[in-house]
Structure formats: C-alpha cells, structure tokens
>>> print(open('protein-v2.cif').read())   # mmCIF, C-alpha atoms
data_entry
loop_
_atom_site.label_atom_id
_atom_site.label_comp_id
_atom_site.auth_asym_id
_atom_site.auth_seq_id
_atom_site.Cartn_x
_atom_site.Cartn_y
_atom_site.Cartn_z
CA MET A 1 163.10 189.31 45.76
CA ASP A 2 166.65 190.02 46.93
CA ASN A 3 167.92 189.02 43.54
CA TYR A 4 165.47 191.40 41.93
CA ARG A 5 166.57 194.27 44.19
CA GLN A 6 170.21 193.61 43.47
CA ARG A 7 169.58 193.73 39.76
CA ALA A 8 167.66 197.00 40.09
CA LEU A 9 170.54 198.59 42.02
CA LEU A 10 173.06 197.26 39.53
CA ALA A 11 170.98 198.84 36.76
CA ALA A 12 171.13 202.15 38.67
CA VAL A 13 174.94 201.94 38.94
CA LYS A 14 175.14 201.16 35.23
CA LYS A 15 172.87 204.05 34.27
CA GLY A 16 175.01 206.44 36.32
CA ALA A 17 178.17 205.19 34.63
CA ILE A 18 176.62 205.53 31.17
CA ASP A 19 175.36 209.06 31.85
CA MET A 20 178.85 210.00 33.09
CA LEU A 21 180.62 208.37 30.13
CA PRO A 22 180.84 211.50 27.92
CA LEU A 23 182.47 213.42 30.78
CA SER A 24 184.75 210.48 31.71
CA LEU A 25 186.01 210.44 28.12
CA ALA A 26 186.24 214.22 27.83
CA VAL A 27 188.76 214.48 30.70
CA LEU A 28 191.11 211.89 29.15
CA PRO A 29 193.59 214.51 27.87
CA TRP A 30 193.89 216.10 31.31
CA GLY A 31 194.30 212.80 33.11
CA ILE A 32 197.11 211.89 30.74
CA LEU A 33 198.57 215.39 31.00
CA PHE A 34 198.59 215.13 34.79
CA GLY A 35 200.25 211.70 34.84
CA SER A 36 203.02 212.66 32.45
CA LEU A 37 203.50 216.07 34.06
CA ALA A 38 203.94 214.53 37.51
CA VAL A 39 206.55 212.06 36.28
CA GLN A 40 208.39 214.76 34.32
CA ARG A 41 208.47 216.95 37.42
CA GLY A 42 210.24 214.18 39.31
CA PHE A 43 207.46 212.42 41.20
CA SER A 44 207.56 208.63 41.52
CA TRP A 45 204.92 206.55 39.75
CA LEU A 46 203.31 205.73 43.07
CA GLU A 47 203.17 209.37 44.14
CA ALA A 48 201.72 210.45 40.79
CA GLN A 49 199.01 207.80 40.98
CA LEU A 50 198.25 208.68 44.62
CA PHE A 51 197.41 212.24 43.62
CA SER A 52 194.58 210.91 41.47
CA ALA A 53 193.67 208.10 43.85
CA ILE A 54 193.24 210.12 47.05
CA ILE A 55 193.10 213.83 46.09
CA PHE A 56 190.96 213.23 42.99
CA GLY A 57 190.64 216.79 41.69
CA GLY A 58 191.90 217.80 38.26
CA ALA A 59 192.85 221.45 38.75
CA VAL A 60 194.10 220.93 42.33
CA GLN A 61 196.42 218.14 41.20
CA ILE A 62 197.94 219.99 38.24
CA VAL A 63 198.55 223.18 40.24
CA THR A 64 199.93 221.50 43.37
CA VAL A 65 202.24 219.20 41.41
CA GLU A 66 203.83 222.27 39.83
CA LEU A 67 204.05 224.07 43.17
CA ILE A 68 205.62 221.11 45.00
CA ALA A 69 208.10 220.56 42.15
CA ASP A 70 209.06 224.25 42.35
CA SER A 71 209.60 223.72 46.13
CA ALA A 72 206.88 226.15 47.17
CA SER A 73 206.24 226.24 50.93
CA LEU A 74 203.76 223.78 52.39
CA ILE A 75 201.48 226.68 53.36
CA THR A 76 201.39 227.95 49.76
CA VAL A 77 200.63 224.47 48.42
CA CYS A 78 197.82 223.90 50.92
CA PHE A 79 196.37 227.36 50.50
CA SER A 80 196.23 226.97 46.71
CA ALA A 81 194.50 223.62 47.11
CA LEU A 82 191.96 225.21 49.45
CA VAL A 83 191.27 228.11 47.08
CA ILE A 84 190.79 225.83 44.07
CA SER A 85 188.65 223.41 46.10
CA SER A 86 186.49 226.13 47.63
CA ARG A 87 183.78 225.63 44.98
CA HIS A 88 183.04 222.29 46.65
CA PHE A 89 181.58 224.18 49.62
CA LEU A 90 178.87 225.35 47.25
CA TYR A 91 178.17 221.79 46.09
CA GLY A 92 177.99 220.52 49.67
CA LEU A 93 175.60 223.32 50.66
CA SER A 94 173.38 222.65 47.65
CA LEU A 95 173.18 218.93 48.40
CA ARG A 96 173.12 219.23 52.21
CA ASP A 97 169.37 218.72 52.61
CA ARG A 98 169.48 215.60 50.45
CA LEU A 99 172.70 213.95 51.62
CA SER A 100 173.13 214.90 55.27
CA PRO A 101 170.32 212.56 56.48
CA GLN A 102 171.95 209.61 54.66
CA PRO A 103 174.09 207.04 56.53
CA LEU A 104 177.77 207.85 57.08
CA ARG A 105 179.07 205.49 54.39
CA TRP A 106 176.96 207.21 51.72
CA ARG A 107 177.94 210.69 52.90
CA VAL A 108 181.64 209.85 52.98
CA GLY A 109 181.57 207.83 49.76
CA LEU A 110 179.61 210.28 47.66
CA GLY A 111 181.32 213.22 49.38
CA PHE A 112 184.68 211.88 48.26
CA LEU A 113 183.33 211.47 44.71
CA LEU A 114 181.71 214.93 44.61
CA THR A 115 183.53 216.50 41.66
CA ASP A 116 182.27 219.21 39.28
CA GLU A 117 181.20 216.36 37.03
CA LEU A 118 179.14 214.53 39.65
CA PHE A 119 177.56 217.81 40.76
CA ALA A 120 176.66 218.42 37.10
CA LEU A 121 174.66 215.19 37.15
CA SER A 122 172.94 216.02 40.46
CA SER A 123 170.05 218.16 39.26
CA HIS A 124 167.46 215.38 39.04
CA ARG A 125 164.34 216.16 41.07
CA ARG A 126 164.91 213.12 43.27
CA ALA A 127 168.73 213.08 43.16
CA TYR A 128 170.16 211.34 46.30
CA LEU A 129 166.67 210.91 47.75
CA THR A 130 166.00 207.29 46.78
CA ARG A 131 168.13 204.16 46.90
CA PHE A 132 168.05 204.07 43.12
CA ARG A 133 169.36 207.64 42.95
CA LEU A 134 172.10 206.94 45.53
CA TYR A 135 173.36 203.97 43.52
CA TYR A 136 173.01 206.04 40.36
CA ALA A 137 175.34 208.67 41.89
CA LEU A 138 177.72 205.92 43.00
CA GLY A 139 177.85 204.61 39.41
CA ALA A 140 178.36 208.09 37.99
CA GLY A 141 180.98 209.24 40.53
CA GLY A 142 182.67 205.84 40.84
CA SER A 143 183.06 205.35 37.09
CA PHE A 144 184.46 208.86 36.78
CA TYR A 145 186.96 208.04 39.55
CA LEU A 146 188.09 204.87 37.75
CA ALA A 147 188.37 206.69 34.43
CA TRP A 148 190.39 209.55 35.94
CA ASN A 149 192.79 207.10 37.58
CA LEU A 150 193.13 205.05 34.40
CA TRP A 151 193.93 208.18 32.32
CA THR A 152 196.47 209.16 34.97
CA LEU A 153 198.09 205.73 34.78
CA ILE A 154 198.31 205.96 30.99
CA GLY A 155 199.96 209.37 31.37
CA ILE A 156 202.43 208.01 33.92
CA VAL A 157 203.41 205.02 31.79
CA ALA A 158 203.31 206.55 28.31
CA GLY A 159 204.43 209.97 29.54
CA SER A 160 206.02 212.22 26.99
CA SER A 161 205.82 209.65 24.17
CA LEU A 162 202.18 210.72 23.69
CA PRO A 163 201.33 213.94 21.87
CA ASP A 164 199.60 216.71 23.83
CA LEU A 165 195.94 215.76 23.55
CA THR A 166 194.67 218.87 25.33
CA THR A 167 194.85 220.78 22.03
CA LEU A 168 192.40 218.35 20.37
CA GLY A 169 189.45 220.41 21.52
CA LEU A 170 188.00 217.87 23.95
CA ASP A 171 187.50 220.79 26.30
CA PHE A 172 184.74 221.79 23.90
CA ALA A 173 183.02 218.49 24.70
CA ILE A 174 182.92 219.50 28.40
CA ALA A 175 181.40 222.87 27.46
CA ALA A 176 178.83 221.16 25.18
CA ILE A 177 177.82 218.70 27.92
CA PHE A 178 177.39 221.50 30.46
CA ILE A 179 175.33 223.47 27.90
CA ALA A 180 173.14 220.39 27.41
CA LEU A 181 172.61 220.19 31.19
CA VAL A 182 172.02 223.92 31.76
CA VAL A 183 169.70 224.89 28.88
CA PRO A 184 166.74 222.72 30.04
CA GLU A 185 167.11 224.27 33.53
CA ILE A 186 166.38 227.75 32.18
CA LYS A 187 162.66 227.79 32.90
CA SER A 188 162.15 231.34 34.15
CA ILE A 189 163.44 234.90 33.71
CA PRO A 190 165.47 234.70 36.97
CA SER A 191 167.24 231.51 35.87
CA LEU A 192 168.01 233.13 32.50
CA ILE A 193 169.45 236.16 34.31
CA ALA A 194 171.56 233.88 36.53
CA VAL A 195 173.01 232.12 33.47
CA LEU A 196 173.75 235.39 31.64
CA VAL A 197 175.50 236.83 34.71
CA ALA A 198 177.51 233.58 35.05
CA ILE A 199 178.68 233.96 31.44
CA VAL A 200 179.79 237.59 31.86
CA ALA A 201 181.36 237.14 35.30
CA GLY A 202 182.94 233.78 34.43
CA VAL A 203 184.59 235.25 31.33
CA LEU A 204 185.70 238.48 33.06
CA PHE A 205 187.22 236.71 36.09
CA SER A 206 188.95 234.25 33.79
CA LEU A 207 190.45 237.13 31.77
CA TRP A 208 191.63 238.70 35.04
CA GLN A 209 193.05 235.31 36.09
CA PHE A 210 191.27 235.74 39.41
CA GLU A 211 191.95 232.62 41.49
CA LEU A 212 188.56 232.56 43.16
CA GLY A 213 186.89 233.50 39.87
CA LEU A 214 184.76 230.41 39.46
CA VAL A 215 183.23 230.57 42.94
CA CYS A 216 182.69 234.33 42.77
CA ALA A 217 181.12 234.17 39.30
CA ALA A 218 178.78 231.42 40.48
CA LEU A 219 177.85 233.37 43.64
CA LEU A 220 177.20 236.56 41.66
CA ALA A 221 175.02 234.60 39.24
CA MET A 222 173.08 232.98 42.09
CA LEU A 223 172.52 236.35 43.80
CA SER A 224 171.33 237.87 40.50
CA GLY A 225 168.90 235.00 39.94
CA TYR A 226 167.68 235.19 43.53
CA SER A 227 167.18 238.96 43.63
CA SER A 228 165.47 239.07 40.26
CA ALA A 229 163.12 236.34 41.45
CA LYS A 230 162.31 238.49 44.51
CA LEU A 231 161.81 241.60 42.36
CA LEU A 232 159.67 239.80 39.79
CA LYS A 233 157.92 237.85 42.54
CA VAL A 234 158.77 234.51 40.93
CA TYR A 235 158.57 231.76 43.52
CA PRO A 236 160.50 228.48 43.29
CA MET B 1 207.69 214.10 52.85
CA THR B 2 205.97 214.19 49.45
CA MET B 3 203.66 211.41 50.62
CA LEU B 4 202.68 213.48 53.67
CA THR B 5 201.97 216.49 51.46
CA ILE B 6 199.78 214.40 49.17
CA LEU B 7 197.92 213.06 52.20
CA LEU B 8 197.42 216.57 53.54
CA LEU B 9 196.09 217.76 50.17
CA ALA B 10 193.71 214.80 50.08
CA CYS B 11 192.38 215.86 53.51
CA ILE B 12 191.88 219.44 52.33
CA THR B 13 190.00 218.46 49.16
CA PHE B 14 187.88 215.92 51.01
CA ALA B 15 187.09 218.41 53.78
CA THR B 16 185.78 220.97 51.27
CA ARG B 17 183.57 218.29 49.72
CA TYR B 18 182.33 216.68 52.92
CA LEU B 19 181.92 219.61 55.35
CA PHE B 20 178.33 220.60 54.54
CA LEU B 21 177.19 217.01 54.03
CA GLU B 22 177.72 216.40 57.76
CA GLY B 23 174.38 216.58 59.53
CA ARG B 24 175.90 217.39 62.93
CA LEU B 25 177.30 220.64 61.57
CA PRO B 26 175.10 223.15 63.42
CA ILE B 27 173.72 225.12 60.50
CA ARG B 28 170.20 225.15 59.19
CA LEU B 29 169.43 226.44 55.71
CA GLY B 30 166.50 228.83 55.68
CA ALA B 31 164.00 229.17 52.83
CA ASN B 32 165.86 232.14 51.36
CA VAL B 33 169.22 230.36 51.34
CA LYS B 34 167.61 227.32 49.73
CA HIS B 35 166.08 229.54 47.07
CA LEU B 36 169.51 231.11 46.47
CA LEU B 37 171.12 227.66 46.26
CA SER B 38 168.52 226.50 43.74
CA PHE B 39 170.46 228.56 41.18
CA SER B 40 173.81 226.93 42.02
CA GLY B 41 173.75 224.18 39.36
CA PRO B 42 173.26 226.35 36.26
CA ALA B 43 175.44 229.10 37.81
CA VAL B 44 178.48 226.86 38.40
CA LEU B 45 178.24 224.90 35.16
CA THR B 46 177.86 228.09 33.12
CA ALA B 47 180.78 229.74 34.93
CA ILE B 48 182.94 226.72 34.01
CA ALA B 49 181.73 226.44 30.39
CA ALA B 50 181.72 230.13 29.37
CA PRO B 51 185.52 230.69 29.63
CA ILE B 52 186.16 227.42 27.73
CA VAL B 53 184.14 228.86 24.85
CA LEU B 54 185.08 232.53 24.99
CA VAL B 55 188.58 232.84 26.47
CA HIS B 56 191.59 231.61 24.51
CA GLU B 57 195.21 232.50 25.27
CA GLN B 58 193.91 234.81 28.00
CA GLN B 59 192.01 236.94 25.49
CA LEU B 60 188.31 237.35 24.75
CA ASP B 61 187.79 235.40 21.52
CA LEU B 62 184.73 236.65 19.66
CA ALA B 63 186.29 236.08 16.22
CA SER B 64 183.96 234.62 13.59
CA ASP B 65 186.40 231.73 13.08
CA ASN B 66 186.31 230.67 16.75
CA PRO B 67 185.03 227.07 16.47
CA TYR B 68 184.12 227.02 20.18
CA LEU B 69 181.69 229.89 19.63
CA TRP B 70 179.85 228.26 16.72
CA GLY B 71 179.88 224.87 18.42
CA ALA B 72 178.44 226.40 21.59
CA LEU B 73 175.72 228.32 19.71
CA THR B 74 174.78 225.09 17.93
CA ALA B 75 174.74 223.24 21.26
CA ILE B 76 172.46 225.87 22.81
CA VAL B 77 169.96 225.64 19.94
CA VAL B 78 170.03 221.83 19.86
CA ALA B 79 169.70 221.57 23.66
CA TYR B 80 166.74 223.97 23.54
CA LYS B 81 165.01 222.13 20.69
CA THR B 82 165.71 218.50 21.68
CA GLY B 83 166.67 218.50 25.36
CA SER B 84 168.94 215.57 24.53
CA VAL B 85 172.50 215.46 25.88
CA TYR B 86 173.66 213.16 23.08
CA TRP B 87 172.24 215.25 20.21
CA THR B 88 173.69 218.36 21.84
CA ILE B 89 177.19 216.90 22.14
CA GLY B 90 177.00 215.25 18.70
CA LEU B 91 175.86 218.22 16.65
CA GLY B 92 177.87 220.70 18.75
CA MET B 93 181.07 218.66 18.22
CA LEU B 94 180.27 218.29 14.50
CA VAL B 95 180.01 222.06 13.96
CA PHE B 96 183.03 222.62 16.23
CA MET B 97 185.15 220.25 14.14
CA LEU B 98 183.87 221.49 10.75
CA ILE B 99 184.77 225.10 11.65
CA GLY B 100 188.03 224.07 13.31
CA VAL B 101 189.40 222.29 10.24
#
>>> encode(input="protein-v2.cif", output="structure tokens")
Amino acid sequence: MDNYRQRALLAAVKKGAIDMLPLSLAVLPWGILFGSLAVQRGFSWLEAQLFSAIIFGGAVQIVTVELIADSASLITVCFSALVISSRHFLYGLSLRDRLSPQPLRWRVGLGFLLTDELFALSSHRRAYLTRFRLYYALGAGGSFYLAWNLWTLIGIVAGSSLPDLTTLGLDFAIAAIFIALVVPEIKSIPSLIAVLVAIVAGVLFSLWQFELGLVCAALLAMLSGYSSAKLLKVYP
Amino acid sequence: MTMLTILLLACITFATRYLFLEGRLPIRLGANVKHLLSFSGPAVLTAIAAPIVLVHEQQLDLASDNPYLWGALTAIVVAYKTGSVYWTIGLGMLVFMLIGV
C-alpha cells in the first residue's frame, strides 16, 4: 500500500516536471545570460549562483545585479526588487484559499517556488487541493528551480565564450506556451474582455517602460473582466 | 556585504510570494474579490505574452514580417482548435521560424 502511494506521488512529481519542461527549456538563454552577466559585472561564482539559488527570480536577478554592480544604494536595490516582485502578491492572493490551509512545509516550499511559470501551471480545477496536485506542483516548481540553477551555472562557467542566445527567439516559445494556457480559459465574454484589455494595457505599459506595468495591466484586465461580468450578469 | 544584499533580496522576493499564503494573515477574501481574482491567470499571462509578441526595440511592431505576430496568431488558432500545449508550441514555433528566416 505504502509502496503504491509512493509510486503515485512520484508519478505526480514526474508529471509536473514534464508539464514544466517546455518552460524550463525556454528560459535557458536568460539563465545563461544571468550567469555570465553576473561574472562579467565582478561577482564571484558563489555569489552569482546564490542569486539563482535563493532569490530565484529572473527579472529581479538581472536588474539587481546591474544595480549592485553600478553601486546603487541598498534602498534603490531593494525597492527595485520589491517593485518587480510585486506581481507575486497577486499570485499569493489568487492561491490563498487553496494553499493557506496546507501545512507550513507545503506553504513555504511552494511559496518559494511560486514563479510566473508555476503560477501559469496553477489553473487546474483542483490545483493544490489534493496530495497529487501538491506533489505535481512540487515537481513543476522544483524542476524549474533545478533548470534555472543549471542554466545559471552554465552561464557562470562558460560565460562570454557562448553566443548571446536571447536573440534566438526562445522568448517566442514562452509567449506560445502562455497562449496555449490562456486560450482554453476564454470561456465567456468577460474573460475575452479581460484578455483583450491585458493585451492593450500590457503593450502600452511596456512601450512606456512603466516599472509596475505588468501588475497594473493585469489588474486593469481583471477589473474589466469583473465589471463586464457584473454588467452582463455572468456568474462564475 | 554583497552576500548580505543577496540575502536581503531573497527575503524580499520570498516575502512577496509567501505573504498571502499565510493563513494567520487576518484577511478574508469575499465573494467579489474571489470573482475578481478568478481573472488573474489569463490576465497576468496575457500581460506577459503580449509585449513579447508586439513590442520590439521599444516600438510597437505590427509589421507584416514580424515573425512573433504570425507565430502568435498561429498559436491562438491551434490552441483554440486543439487545446493542446504541444501542438500550439510546435506549430507556433514552426511558423515563427519559417517567417523569421
């Protein structure tokens, strides 16, 4: 019986890792970019790896490495990290009902692993509600963590001897994966409106290089979806 | 000093991720807030993906030779028709690369 349970949970971990694989591969250029950037900007190998090992956030790492290397003040560095990370508040709020009743080790573990990518794989009806789904998230988030740290290590070691892979268009793969995850979620007029507003606001804020653009675009889109649902009397 | 900064940054990132997962935090989400949050997944993912497709070198790129645009349109159609992540990535990437060459 125990053996059977263990195998079932292992299968859940494996399924999570496999579902995350396209995203784990798609961030390879940025992991390598971060590792080589950190070394070029004068960080030790250990420090560079620690960024990925304990901060574990792509955009935060790239921006703060530049800021620290340019001797920005500690306040500036921390404030930038907070601004870039602020979208996580939205993820935590969205998953609060599912994850807050879970034991501490699950909350801390999955909380630490809660990247954009893990959130992208969190839309399943029973996500985080069953043991299978918890282990699934562990497999998805954990494998992404290992991949990100491995890409960082490659960047640290190989550094500038590698060509810049970020121009290969792997960022398109991220967009395609997100499209694949979003399109099936558009089941009503309000959700279509939310997505259209997210496109317009996301593009506009990006053109304006507005630091809080992502969070604000998402909030605007959510409010548009919500208010159109109220107006059209569509209930969830 | 650098080590301390890295540690501090780790605390900040973790705090933003963990804060609302803590049950003892005295907030309760009402039905309206939950309804609002039900749009968060598509909203965030779209807000991340749209600029990847449409903004290049800080300019709106609606040119007919923008491979991201054609790849994304393909991905939308394939995702709608098949609902499969792998077909969507596969065919989207194929069109993206064919136009990009």
>>> residues_around(input="protein-v2.cif", residues="range 51-65 of chain B", least_positions_apart="3", cutoff="10 Å", atoms="only C-alpha atoms", output="number ranges by chain")
A: 169, 171-176, 199-209, 214; B: 46-48, 68-73, 99-100
>>> resolve_selection(input="protein-v2.cif", expression="the PyMOL selection byres ((chain A) within 6 of (chain B))", output="JSON, numbers by chain")
{"A": [54, 55, 85, 88, 89, 92, 93, 94, 96, 99, 100, 111, 112, 175, 176, 178, 180, 182, 195, 198, 199, 202, 203, 207, 218, 221, 222, 226]}
>>> resolve_selection(input="protein-v2.cif", expression="the PyMOL selection byres ((chain A and resi 146) around 12)", output="NGL selection string")
:A and (17 or 20-21 or 24-25 or 27-28 or 31 or 49 or 52-54 or 56 or 113 or 138-145 or 147-153)
>>> resolve_selection(input="protein-v2.cif", expression="the PyMOL selection byres ((chain A and resi 228-230) around 9)", output="PDB file with C-alpha atoms, keeping the file's coordinate frame")
ATOM      1  CA  SER A 188     162.150 231.340  34.150  1.00  0.00           C
ATOM      2  CA  ILE A 189     163.440 234.900  33.710  1.00  0.00           C
ATOM      3  CA  PRO A 190     165.470 234.700  36.970  1.00  0.00           C
ATOM      4  CA  SER A 191     167.240 231.510  35.870  1.00  0.00           C
ATOM      5  CA  ILE A 193     169.450 236.160  34.310  1.00  0.00           C
ATOM      6  CA  ALA A 194     171.560 233.880  36.530  1.00  0.00           C
ATOM      7  CA  LEU A 223     172.520 236.350  43.800  1.00  0.00           C
ATOM      8  CA  SER A 224     171.330 237.870  40.500  1.00  0.00           C
ATOM      9  CA  GLY A 225     168.900 235.000  39.940  1.00  0.00           C
ATOM     10  CA  TYR A 226     167.680 235.190  43.530  1.00  0.00           C
ATOM     11  CA  SER A 227     167.180 238.960  43.630  1.00  0.00           C
ATOM     12  CA  LEU A 231     161.810 241.600  42.360  1.00  0.00           C
ATOM     13  CA  LEU A 232     159.670 239.800  39.790  1.00  0.00           C
ATOM     14  CA  LYS A 233     157.920 237.850  42.540  1.00  0.00           C
ATOM     15  CA  VAL A 234     158.770 234.510  40.930  1.00  0.00           C
ATOM     16  CA  TYR A 235     158.570 231.760  43.520  1.00  0.00           C
ATOM     17  CA  PRO A 236     160.500 228.480  43.290  1.00  0.00           C
TER      18      PRO A 236
END
>>> atom_distance(input="protein-v2.cif", atom1="CA of Gly58 in chain A", atom2="CA of Thr115 in chain A")
9.1 Å
>>> axis_aligned_box(input="protein-v2.cif", around="range 129-145 of chain A", padding_each_side="6 Å", output="AutoDock Vina command-line options")
--center_x 176.5 --center_y 207.4 --center_z 42.3 --size_x 33.0 --size_y 18.9 --size_z 23.0
>>> atom_distance(input="protein-v2.cif", atom1="CA of Ser44 in chain A", atom2="CA of Asp164 in chain A")
21.0 Å
>>> atom_distance(input="protein-v2.cif", atom1="CA of Cys78 in chain A", atom2="CA of Leu212 in chain A")
14.9 Å
>>> closest_residue(input="protein-v2.cif", among="A:Val60, A:Leu121, A:Ile32, A:Leu110", to="Arg87 in chain A", atoms="all atoms listed in the file")
A:Val60
